[in-house]
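Colleague: One file: structure_12.json (JSON, C-alpha atoms and all ligand atoms).
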```
[["chain", "number", "residue", "atom", "x", "y", "z"],
["A", 1, "MET", "CA", -30.54, 23.60, -34.27],
["A", 2, "THR", "CA", -30.35, 24.92, -30.70],
["A", 3, "LEU", "CA", -28.79, 23.61, -27.50],
["A", 4, "ARG", "CA", -32.29, 23.17, -26.15],
["A", 5, "GLN", "CA", -33.27, 20.96, -29.08],
["A", 6, "LEU", "CA", -30.16, 18.86, -28.66],
["A", 7, "TRP", "CA", -30.92, 18.52, -24.99],
["A", 8, "ALA", "CA", -34.52, 17.42, -25.70],
["A", 9, "GLU", "CA", -33.33, 14.93, -28.32],
["A", 10, "GLY", "CA", -30.88, 13.37, -25.83],
["A", 11, "ALA", "CA", -33.39, 13.34, -23.00],
["A", 12, "ASP", "CA", -35.96, 11.53, -25.19],
["A", 13, "LEU", "CA", -33.43, 8.88, -26.11],
["A", 14, "LEU", "CA", -32.38, 8.36, -22.51],
["A", 15, "ARG", "CA", -35.98, 8.26, -21.30],
["A", 16, "SER", "CA", -36.86, 5.53, -23.79],
["A", 17, "ALA", "CA", -33.76, 3.60, -22.70],
["A", 18, "GLY", "CA", -35.12, 3.60, -19.13],
["A", 19, "VAL", "CA", -32.58, 6.03, -17.67],
["A", 20, "ALA", "CA", -33.98, 7.37, -14.40],
["A", 21, "GLU", "CA", -32.79, 10.98, -14.64],
["A", 22, "ALA", "CA", -32.96, 11.35, -18.40],
["A", 23, "GLU", "CA", -33.27, 15.17, -18.52],
["A", 24, "LEU", "CA", -30.50, 15.82, -16.02],
["A", 25, "ASP", "CA", -28.10, 13.34, -17.58],
["A", 26, "ALA", "CA", -28.71, 14.62, -21.11],
["A", 27, "ARG", "CA", -28.04, 18.15, -19.89],
["A", 28, "LEU", "CA", -24.79, 17.16, -18.17],
["A", 29, "LEU", "CA", -23.59, 15.33, -21.29],
["A", 30, "LEU", "CA", -24.43, 18.39, -23.38],
["A", 31, "LEU", "CA", -22.40, 20.64, -21.06],
["A", 32, "GLU", "CA", -19.54, 18.15, -21.27],
["A", 33, "ALA", "CA", -19.50, 17.88, -25.07],
["A", 34, "PHE", "CA", -19.83, 21.65, -25.59],
["A", 35, "ARG", "CA", -17.51, 22.46, -22.67],
["A", 36, "ILE", "CA", -19.96, 25.00, -21.28],
["A", 37, "ASP", "CA", -21.42, 25.61, -17.83],
["A", 38, "THR", "CA", -25.06, 25.73, -16.74],
["A", 39, "ALA", "CA", -25.17, 29.54, -16.85],
["A", 40, "HIS", "CA", -24.01, 29.50, -20.48],
["A", 41, "PHE", "CA", -26.55, 26.82, -21.34],
["A", 42, "LEU", "CA", -29.41, 28.77, -19.72],
["A", 43, "ALA", "CA", -28.48, 31.99, -21.48],
["A", 44, "GLU", "CA", -27.87, 30.47, -24.92],
["A", 45, "GLN", "CA", -30.19, 27.47, -25.12],
["A", 46, "THR", "CA", -32.67, 28.92, -27.64],
["A", 47, "ARG", "CA", -30.14, 30.71, -29.85],
["A", 48, "PRO", "CA", -29.59, 28.85, -33.16],
["A", 49, "LEU", "CA", -26.14, 27.28, -33.21],
["A", 50, "PRO", "CA", -23.87, 28.48, -36.02],
["A", 51, "GLU", "CA", -23.47, 25.87, -38.74],
["A", 52, "THR", "CA", -19.73, 25.62, -38.39],
["A", 53, "GLU", "CA", -17.34, 22.70, -38.36],
["A", 54, "ALA", "CA", -16.51, 23.50, -34.73],
["A", 55, "VAL", "CA", -20.15, 23.07, -33.71],
["A", 56, "ARG", "CA", -20.46, 19.83, -35.70],
["A", 57, "ARG", "CA", -17.42, 18.59, -33.81],
["A", 58, "GLN", "CA", -19.38, 19.08, -30.59],
["A", 59, "ILE", "CA", -22.72, 17.68, -31.72],
["A", 60, "GLY", "CA", -21.17, 14.37, -32.86],
["A", 61, "PRO", "CA", -19.47, 13.63, -29.54],
["A", 62, "TYR", "CA", -22.60, 14.73, -27.65],
["A", 63, "ARG", "CA", -24.66, 12.15, -29.52],
["A", 64, "ASP", "CA", -21.99, 9.52, -28.86],
["A", 65, "LEU", "CA", -22.07, 10.28, -25.13],
["A", 66, "VAL", "CA", -25.86, 10.06, -25.10],
["A", 67, "SER", "CA", -25.72, 6.66, -26.85],
["A", 68, "GLU", "CA", -23.28, 5.39, -24.24],
["A", 69, "ARG", "CA", -25.61, 6.53, -21.49],
["A", 70, "ALA", "CA", -28.56, 4.95, -23.34],
["A", 71, "ARG", "CA", -26.67, 1.65, -23.07],
["A", 72, "ARG", "CA", -26.94, 2.35, -19.33],
["A", 73, "LYS", "CA", -23.29, 3.11, -18.76],
["A", 74, "PRO", "CA", -23.24, 5.16, -15.54],
["A", 75, "LEU", "CA", -22.79, 8.89, -16.02],
["A", 76, "ALA", "CA", -19.75, 8.93, -13.72],
["A", 77, "TYR", "CA", -17.92, 6.39, -15.90],
["A", 78, "ILE", "CA", -18.76, 8.35, -19.06],
["A", 79, "LEU", "CA", -17.51, 11.61, -17.54],
["A", 80, "GLY", "CA", -14.65, 9.81, -15.75],
["A", 81, "ARG", "CA", -15.28, 11.62, -12.51],
["A", 82, "GLN", "CA", -17.54, 11.81, -9.47],
["A", 83, "GLU", "CA", -17.88, 14.40, -6.73],
["A", 84, "PHE", "CA", -17.52, 13.12, -3.17],
["A", 85, "MET", "CA", -17.23, 15.32, -0.07],
["A", 86, "GLY", "CA", -16.74, 18.32, -2.34],
["A", 87, "LEU", "CA", -13.73, 16.73, -4.06],
["A", 88, "THR", "CA", -13.58, 15.42, -7.61],
["A", 89, "PHE", "CA", -12.51, 11.78, -7.85],
["A", 90, "ALA", "CA", -11.43, 10.12, -11.07],
["A", 91, "VAL", "CA", -13.46, 6.95, -11.58],
["A", 92, "ASP", "CA", -13.79, 4.24, -14.19],
["A", 93, "GLU", "CA", -15.01, 0.67, -14.40],
["A", 94, "ARG", "CA", -12.23, -0.55, -12.09],
["A", 95, "VAL", "CA", -13.97, 0.97, -9.06],
["A", 96, "LEU", "CA", -17.35, 1.41, -7.45],
["A", 97, "ILE", "CA", -18.72, 4.91, -8.07],
["A", 98, "PRO", "CA", -18.64, 6.94, -4.82],
["A", 99, "ARG", "CA", -22.18, 7.33, -3.45],
["A", 100, "GLN", "CA", -23.72, 10.23, -1.60],
["A", 101, "ASP", "CA", -24.80, 7.74, 1.11],
["A", 102, "THR", "CA", -21.14, 7.13, 1.87],
["A", 103, "GLU", "CA", -20.66, 10.81, 2.72],
["A", 104, "THR", "CA", -22.63, 9.99, 5.90],
["A", 105, "LEU", "CA", -19.69, 7.84, 6.98],
["A", 106, "ALA", "CA", -17.02, 10.38, 6.08],
["A", 107, "GLU", "CA", -18.93, 13.23, 7.76],
["A", 108, "LEU", "CA", -19.44, 11.23, 10.94],
["A", 109, "VAL", "CA", -15.72, 10.43, 11.23],
["A", 110, "LEU", "CA", -14.79, 14.07, 10.67],
["A", 111, "GLU", "CA", -17.31, 15.16, 13.29],
["A", 112, "GLU", "CA", -16.24, 12.64, 15.94],
["A", 113, "GLN", "CA", -12.49, 12.44, 15.30],
["A", 114, "LYS", "CA", -10.95, 15.89, 15.33],
["A", 115, "ASP", "CA", -7.39, 15.09, 16.46],
["A", 116, "PRO", "CA", -5.09, 15.45, 13.41],
["A", 117, "GLY", "CA", -2.54, 13.18, 15.11],
["A", 118, "LEU", "CA", -4.76, 10.13, 14.56],
["A", 119, "SER", "CA", -4.15, 7.30, 12.12],
["A", 120, "VAL", "CA", -6.87, 5.99, 9.83],
["A", 121, "LEU", "CA", -7.22, 2.66, 8.06],
["A", 122, "ASP", "CA", -9.68, 2.34, 5.14],
["A", 123, "LEU", "CA", -10.41, -1.22, 4.03],
["A", 124, "CYS", "CA", -11.93, -1.87, 0.57],
["A", 125, "THR", "CA", -10.89, 1.61, -0.46],
["A", 126, "GLY", "CA", -11.96, 1.29, -4.12],
["A", 127, "SER", "CA", -11.57, 4.74, -5.69],
["A", 128, "GLY", "CA", -10.05, 5.91, -2.41],
["A", 129, "CYS", "CA", -12.95, 8.30, -1.91],
["A", 130, "ILE", "CA", -13.25, 7.72, 1.85],
["A", 131, "ALA", "CA", -9.54, 7.57, 2.63],
["A", 132, "VAL", "CA", -8.56, 10.54, 0.49],
["A", 133, "SER", "CA", -11.39, 12.77, 1.66],
["A", 134, "LEU", "CA", -10.63, 11.96, 5.30],
["A", 135, "ALA", "CA", -6.96, 12.75, 4.68],
["A", 136, "VAL", "CA", -7.74, 16.04, 2.94],
["A", 137, "LEU", "CA", -10.54, 17.22, 5.22],
["A", 138, "GLY", "CA", -9.39, 15.67, 8.52],
["A", 139, "GLY", "CA", -5.68, 16.25, 7.95],
["A", 140, "TYR", "CA", -4.84, 13.05, 9.86],
["A", 141, "ALA", "CA", -1.16, 12.28, 10.33],
["A", 142, "GLU", "CA", -1.42, 8.90, 8.69],
["A", 143, "THR", "CA", -3.91, 7.23, 6.41],
["A", 144, "ALA", "CA", -3.71, 3.68, 5.09],
["A", 145, "ALA", "CA", -5.95, 2.55, 2.25],
["A", 146, "ALA", "CA", -6.20, -1.12, 1.28],
["A", 147, "ASP", "CA", -7.93, -3.03, -1.50],
["A", 148, "ARG", "CA", -7.54, -6.56, -2.82],
["A", 149, "SER", "CA", -8.08, -5.31, -6.37],
["A", 150, "GLU", "CA", -4.82, -4.05, -7.83],
["A", 151, "ALA", "CA", -6.83, -2.32, -10.55],
["A", 152, "ALA", "CA", -8.88, -0.44, -7.96],
["A", 153, "LEU", "CA", -5.79, 0.47, -5.96],
["A", 154, "ALA", "CA", -4.27, 2.10, -9.03],
["A", 155, "VAL", "CA", -7.33, 4.38, -9.22],
["A", 156, "ALA", "CA", -7.07, 5.17, -5.50],
["A", 157, "GLU", "CA", -3.38, 5.97, -5.92],
["A", 158, "ALA", "CA", -4.09, 8.33, -8.82],
["A", 159, "ASN", "CA", -6.76, 10.08, -6.75],
["A", 160, "ALA", "CA", -4.41, 10.41, -3.78],
["A", 161, "ARG", "CA", -1.68, 11.90, -6.01],
["A", 162, "GLU", "CA", -4.15, 14.34, -7.54],
["A", 163, "LEU", "CA", -5.92, 15.46, -4.38],
["A", 164, "LEU", "CA", -3.20, 15.43, -1.69],
["A", 165, "ASP", "CA", -0.67, 18.24, -1.74],
["A", 166, "GLU", "CA", 3.09, 18.10, -1.17],
["A", 167, "THR", "CA", 2.67, 17.95, 2.61],
["A", 168, "TRP", "CA", 1.87, 14.26, 2.08],
["A", 169, "GLU", "CA", 4.15, 11.38, 1.32],
["A", 170, "ILE", "CA", 2.35, 8.77, -0.76],
["A", 171, "GLY", "CA", 3.55, 5.20, -1.03],
["A", 172, "THR", "CA", 2.15, 1.97, -2.41],
["A", 173, "TRP", "CA", 2.78, -1.66, -1.51],
["A", 174, "ARG", "CA", 1.78, -4.33, -4.00],
["A", 175, "PRO", "CA", 1.62, -8.09, -3.44],
["A", 176, "GLY", "CA", 4.80, -10.12, -3.61],
["A", 177, "GLY", "CA", 7.07, -7.63, -1.97],
["A", 178, "LYS", "CA", 7.48, -4.09, -0.87],
["A", 179, "GLU", "CA", 7.51, -2.35, -4.19],
["A", 180, "LYS", "CA", 8.14, 1.31, -3.63],
["A", 181, "THR", "CA", 6.43, 4.04, -5.48],
["A", 182, "GLY", "CA", 6.85, 6.65, -2.80],
["A", 183, "ASN", "CA", 9.95, 8.04, -1.19],
["A", 184, "ASP", "CA", 9.08, 7.20, 2.39],
["A", 185, "MET", "CA", 9.23, 3.44, 2.41],
["A", 186, "GLN", "CA", 12.35, 2.94, 4.46],
["A", 187, "ASP", "CA", 10.46, 2.37, 7.67],
["A", 188, "GLY", "CA", 8.48, -0.55, 6.24],
["A", 189, "GLY", "CA", 5.16, 1.07, 6.96],
["A", 190, "GLY", "CA", 5.73, 2.07, 10.56],
["A", 191, "GLY", "CA", 5.21, 5.53, 11.97],
["A", 192, "PRO", "CA", 5.93, 8.76, 10.16],
["A", 193, "VAL", "CA", 9.65, 9.27, 9.57],
["A", 194, "SER", "CA", 9.47, 12.97, 8.89],
["A", 195, "GLY", "CA", 7.22, 15.90, 9.67],
["A", 196, "ARG", "CA", 5.14, 15.09, 6.63],
["A", 197, "ARG", "CA", 1.84, 13.27, 6.71],
["A", 198, "HIS", "CA", 1.59, 9.82, 5.23],
["A", 199, "PHE", "CA", -0.83, 8.24, 2.80],
["A", 200, "ARG", "CA", -0.13, 4.55, 2.22],
["A", 201, "LEU", "CA", -1.82, 2.21, -0.21],
["A", 202, "TYR", "CA", -1.76, -1.55, 0.30],
["A", 203, "CYS", "CA", -2.86, -4.21, -2.14],
["A", 204, "GLY", "CA", -4.27, -7.18, -0.30],
["A", 205, "ASP", "CA", -7.31, -8.92, 1.11],
["A", 206, "LEU", "CA", -8.58, -6.82, 4.06],
["A", 207, "PHE", "CA", -5.86, -6.72, 6.75],
["A", 208, "GLU", "CA", -3.53, -9.11, 4.91],
["A", 209, "ALA", "CA", -1.26, -6.56, 3.25],
["A", 210, "LEU", "CA", -0.78, -4.33, 6.28],
["A", 211, "PRO", "CA", 2.53, -4.13, 8.13],
["A", 212, "PRO", "CA", 2.47, -6.76, 10.91],
["A", 213, "GLY", "CA", 2.02, -5.29, 14.37],
["A", 214, "LYS", "CA", 0.76, -1.97, 13.08],
["A", 215, "LYS", "CA", -2.13, -0.34, 15.01],
["A", 216, "TYR", "CA", -4.59, 2.32, 13.90],
["A", 217, "ASP", "CA", -6.87, 4.69, 15.80],
["A", 218, "ILE", "CA", -9.75, 4.64, 13.34],
["A", 219, "LEU", "CA", -10.95, 1.94, 10.98],
["A", 220, "VAL", "CA", -13.34, 2.85, 8.20],
["A", 221, "SER", "CA", -14.83, 0.64, 5.53],
["A", 222, "ASN", "CA", -17.55, 0.53, 2.93],
["A", 223, "PRO", "CA", -17.08, -3.12, 2.02],
["A", 224, "PRO", "CA", -19.04, -5.07, -0.60],
["A", 225, "TYR", "CA", -22.35, -5.86, 1.10],
["A", 226, "ILE", "CA", -24.92, -6.94, -1.48],
["A", 227, "PRO", "CA", -26.09, -10.56, -1.03],
["A", 228, "ALA", "CA", -24.76, -12.43, -4.10],
["A", 229, "GLY", "CA", -28.24, -13.54, -5.16],
["A", 230, "GLU", "CA", -29.51, -9.95, -5.31],
["A", 231, "ILE", "CA", -26.91, -8.56, -7.71],
["A", 232, "SER", "CA", -28.75, -9.67, -10.87],
["A", 233, "GLY", "CA", -31.81, -7.71, -9.69],
["A", 234, "LEU", "CA", -29.96, -4.39, -9.32],
["A", 235, "GLN", "CA", -30.40, -1.58, -11.84],
["A", 236, "ALA", "CA", -28.64, -2.06, -15.17],
["A", 237, "GLU", "CA", -25.99, 0.58, -14.45],
["A", 238, "VAL", "CA", -24.83, -1.24, -11.34],
["A", 239, "ARG", "CA", -25.11, -4.88, -12.38],
["A", 240, "SER", "CA", -23.66, -4.45, -15.87],
["A", 241, "TYR", "CA", -20.90, -1.89, -15.25],
["A", 242, "GLU", "CA", -19.80, -1.63, -11.63],
["A", 243, "PRO", "CA", -17.19, -4.19, -10.52],
["A", 244, "ARG", "CA", -18.84, -7.26, -9.04],
["A", 245, "ILE", "CA", -15.89, -7.59, -6.66],
["A", 246, "ALA", "CA", -16.98, -4.25, -5.11],
["A", 247, "LEU", "CA", -20.59, -5.34, -4.64],
["A", 248, "ASP", "CA", -20.63, -9.03, -3.72],
["A", 249, "GLY", "CA", -20.91, -9.63, 0.02],
["A", 250, "ALA", "CA", -21.38, -13.43, -0.48],
["A", 251, "ALA", "CA", -24.59, -15.35, 0.31],
["A", 252, "ASP", "CA", -25.94, -13.14, 3.11],
["A", 253, "GLY", "CA", -24.04, -9.94, 2.27],
["A", 254, "LEU", "CA", -22.26, -10.03, 5.63],
["A", 255, "ALA", "CA", -19.03, -11.87, 4.76],
["A", 256, "PHE", "CA", -16.81, -8.79, 5.00],
["A", 257, "TYR", "CA", -18.36, -7.55, 8.25],
["A", 258, "ARG", "CA", -17.72, -10.95, 9.84],
["A", 259, "ARG", "CA", -14.04, -10.84, 8.93],
["A", 260, "ILE", "CA", -13.60, -7.16, 9.76],
["A", 261, "ALA", "CA", -15.29, -7.52, 13.16],
["A", 262, "ALA", "CA", -13.20, -10.58, 14.03],
["A", 263, "GLU", "CA", -9.82, -9.12, 13.04],
["A", 264, "ALA", "CA", -10.25, -5.42, 13.76],
["A", 265, "PRO", "CA", -9.46, -5.71, 17.50],
["A", 266, "LEU", "CA", -5.91, -6.79, 16.53],
["A", 267, "TRP", "CA", -5.37, -3.71, 14.39],
["A", 268, "LEU", "CA", -7.03, -1.01, 16.47],
["A", 269, "ARG", "CA", -5.45, 0.75, 19.42],
["A", 270, "PRO", "CA", -7.33, 0.47, 22.74],
["A", 271, "GLY", "CA", -10.10, 3.06, 22.55],
["A", 272, "GLY", "CA", -10.02, 2.95, 18.76],
["A", 273, "SER", "CA", -13.21, 3.12, 16.72],
["A", 274, "ALA", "CA", -14.59, 1.39, 13.65],
["A", 275, "TYR", "CA", -17.00, 3.05, 11.22],
["A", 276, "LEU", "CA", -18.69, 0.71, 8.78],
["A", 277, "GLU", "CA", -21.12, 1.53, 6.01],
["A", 278, "ILE", "CA", -23.97, -0.99, 5.92],
["A", 279, "GLY", "CA", -26.97, -1.89, 3.78],
["A", 280, "HIS", "CA", -30.25, -0.39, 5.03],
["A", 281, "ASP", "CA", -31.38, -3.73, 6.52],
["A", 282, "GLN", "CA", -28.07, -4.88, 7.99],
["A", 283, "ALA", "CA", -27.84, -2.78, 11.18],
["A", 284, "ALA", "CA", -28.93, -5.46, 13.65],
["A", 285, "ALA", "CA", -26.71, -8.13, 12.12],
["A", 286, "VAL", "CA", -23.60, -5.94, 11.94],
["A", 287, "CYS", "CA", -24.09, -4.56, 15.47],
["A", 288, "GLY", "CA", -24.38, -8.16, 16.68],
["A", 289, "LEU", "CA", -21.12, -9.17, 14.97],
["A", 290, "LEU", "CA", -19.27, -6.21, 16.49],
["A", 291, "GLU", "CA", -20.67, -6.87, 19.96],
["A", 292, "GLU", "CA", -19.57, -10.53, 19.83],
["A", 293, "GLN", "CA", -16.01, -9.35, 19.20],
["A", 294, "GLY", "CA", -15.95, -7.04, 22.22],
["A", 295, "PHE", "CA", -16.85, -3.71, 20.62],
["A", 296, "ARG", "CA", -18.81, -1.25, 22.78],
["A", 297, "GLN", "CA", -20.65, 2.07, 22.28],
["A", 298, "ILE", "CA", -22.20, 0.60, 19.17],
["A", 299, "GLN", "CA", -24.43, 3.08, 17.41],
["A", 300, "VAL", "CA", -26.32, 3.18, 14.13],
["A", 301, "PHE", "CA", -26.50, 6.37, 12.04],
["A", 302, "LYS", "CA", -28.90, 7.17, 9.21],
["A", 303, "ASP", "CA", -28.16, 8.63, 5.77],
["A", 304, "LEU", "CA", -30.00, 11.69, 4.40],
["A", 305, "PRO", "CA", -32.92, 9.67, 2.99],
["A", 306, "GLY", "CA", -33.36, 8.21, 6.49],
["A", 307, "HIS", "CA", -32.00, 4.68, 6.02],
["A", 308, "ASP", "CA", -29.65, 2.98, 8.47],
["A", 309, "ARG", "CA", -26.26, 3.54, 6.81],
["A", 310, "VAL", "CA", -23.34, 3.55, 9.24],
["A", 311, "VAL", "CA", -22.44, 1.58, 12.35],
["A", 312, "ARG", "CA", -19.84, 3.03, 14.72],
["A", 313, "ALA", "CA", -18.29, 0.91, 17.45],
["A", 314, "SER", "CA", -15.36, 1.38, 19.82],
["A", 315, "LEU", "CA", -12.99, -0.89, 21.71],
["B", 1, "LIG", "N1", -14.80, 2.43, -0.31],
["B", 1, "LIG", "C1", -15.22, 2.67, -1.64],
["B", 1, "LIG", "C2", -16.46, 3.54, -1.64],
["B", 1, "LIG", "O1", -17.01, 3.82, -0.63],
["B", 1, "LIG", "C3", -15.47, 1.37, -2.41],
["B", 1, "LIG", "C4", -16.48, 0.51, -1.76],
["B", 1, "LIG", "C5", -16.58, -0.84, -2.46],
["B", 1, "LIG", "O2", -15.87, -1.09, -3.43],
["B", 1, "LIG", "N2", -17.42, -1.68, -1.93],
["B", 1, "LIG", "O3", -16.93, 3.98, -2.66]]
```
Let me see whether you can do it: turn the structure in this file into structure tokens.

Modeller:
Amino acid sequence: MTLRQLWAEGADLLRSAGVAEAELDARLLLLEAFRIDTAHFLAEQTRPLPETEAVRRQIGPYRDLVSERARRKPLAYILGRQEFMGLTFAVDERVLIPRQDTETLAELVLEEQKDPGLSVLDLCTGSGCIAVSLAVLGGYAETAAADRSEAALAVAEANARELLDETWEIGTWRPGGKEKTGNDMQDGGGGPVSGRRHFRLYCGDLFEALPPGKKYDILVSNPPYIPAGEISGLQAEVRSYEPRIALDGAADGLAFYRRIAAEAPLWLRPGGSAYLEIGHDQAAAVCGLLEEQGFRQIQVFKDLPGHDRVVRASL
């Protein structure tokens, strides 16, 4: 038995299960189970594996991982991690898996907003991938990340604690009070109280959990935007494993944009900007909603495959 044979066996199984990238996924699961890197695989793939107990203890788990993937469990949930903006985020079935398309949004914010004194609000933060990568890569003085799913917020908090260094103070508010998990809560969510930067997590429906009267410079969001009726037609990985609460944008997919556009002017400073990820066919509708609420300089940006993906608008 060689690594190459094991790889081929896994790829065949995944292909017959309808997995789109069967070869790649089988290879990544093999690397995971054998705890080797690609270079090792390439060098050793045709060498017969020693028939030892240690090797058997890697082949078994490899086959288990392949079976999970054959049941169409997304690779990121099996591995428990996903790369986003060059950072590794922990993910599981409590959160949407960070998508490469969403890097378009994060990159645009970093390109347009270079002042580290700015404050950022991320609504529907999910895994925290947008908020945490903006904090790490943009170094902004203050980042707030909100989600109505307490389960998702726990994932975002874990990612913030893993990826932000000690120059950050991290605190979480949960519903029904101001539960403290950080050490910087004495100001009730107002401005920074020390020289350190702040990362705050809020559990609540869009703006609901935020400190009243608070204003931000930048609003970012990748809200649920799939029309409810289209979810059952999505690929098996998405419809059977990713949280419906992270996908469902109600009947026309625009429910969250409507609410964000209407309330954002209360939470943004004059001159502040909103960056929203959108579905490829939602640009006109979302631009219209933002314009109705007084936003200006509305612009649509495309993702790498060339689809409309982000709308930016300013007050
Ligand atoms: N903001 C998160 C992301 O971009 C989650 C989005 C969502 O749950 N709709 O991955």

Colleague: So, with all atoms listed in the file as the atoms that count, which of A:Ala156, A:Ile226, A:Val19, A:Ile170 lies closest to Gln282 of chain A?

Modeller: A:Ile226

Colleague: If we count all atoms listed in the file and set the cut-off at 10 Å, which residues sit around Ile130 of chain A, ignoring sequence neighbours fewer than 4 positions away in its own chain? Please answer as a PyMOL selection string.

Modeller: chain A and resi 84-85+98+102-103+105-107+122-126+134-135+145+156+220-222

Colleague: What's around Trp168 of chain A at 7 Å? Count all atoms listed in the file, leave out sequence neighbours fewer than 2 positions away in its own chain, and write the answer as number ranges by chain.

Modeller: A: 164-166, 170, 196-199

Colleague: Could you check the closest approach to ligand LIG 1 (chain B) for each of A:Glu291, A:Glu93, A:Asp37, A:Asp252 and tell me which residue wins, using all atoms listed in the file?

Modeller: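 Smallest distance to ligand LIG 1 (chain B) is found for A:Glu93.
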
Colleague: Which is closest to Leu276 of chain A among A:Gln293, A:Thr104, A:Ser119, A:Asn159, if we use only C-alpha atoms?

Modeller: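 Looking only at the distances to Leu276 of chain A, the closest residue turns out to be A:Thr104.
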
Colleague: Extract, using only C-alpha atoms, all DNA, RNA and protein residues at most 8 Å from Val136 of chain A, discarding same-chain residues fewer than 3 positions from it, and format them as JSON, numbers by chain.

Modeller: {"A": [132, 133, 139, 163, 164]}
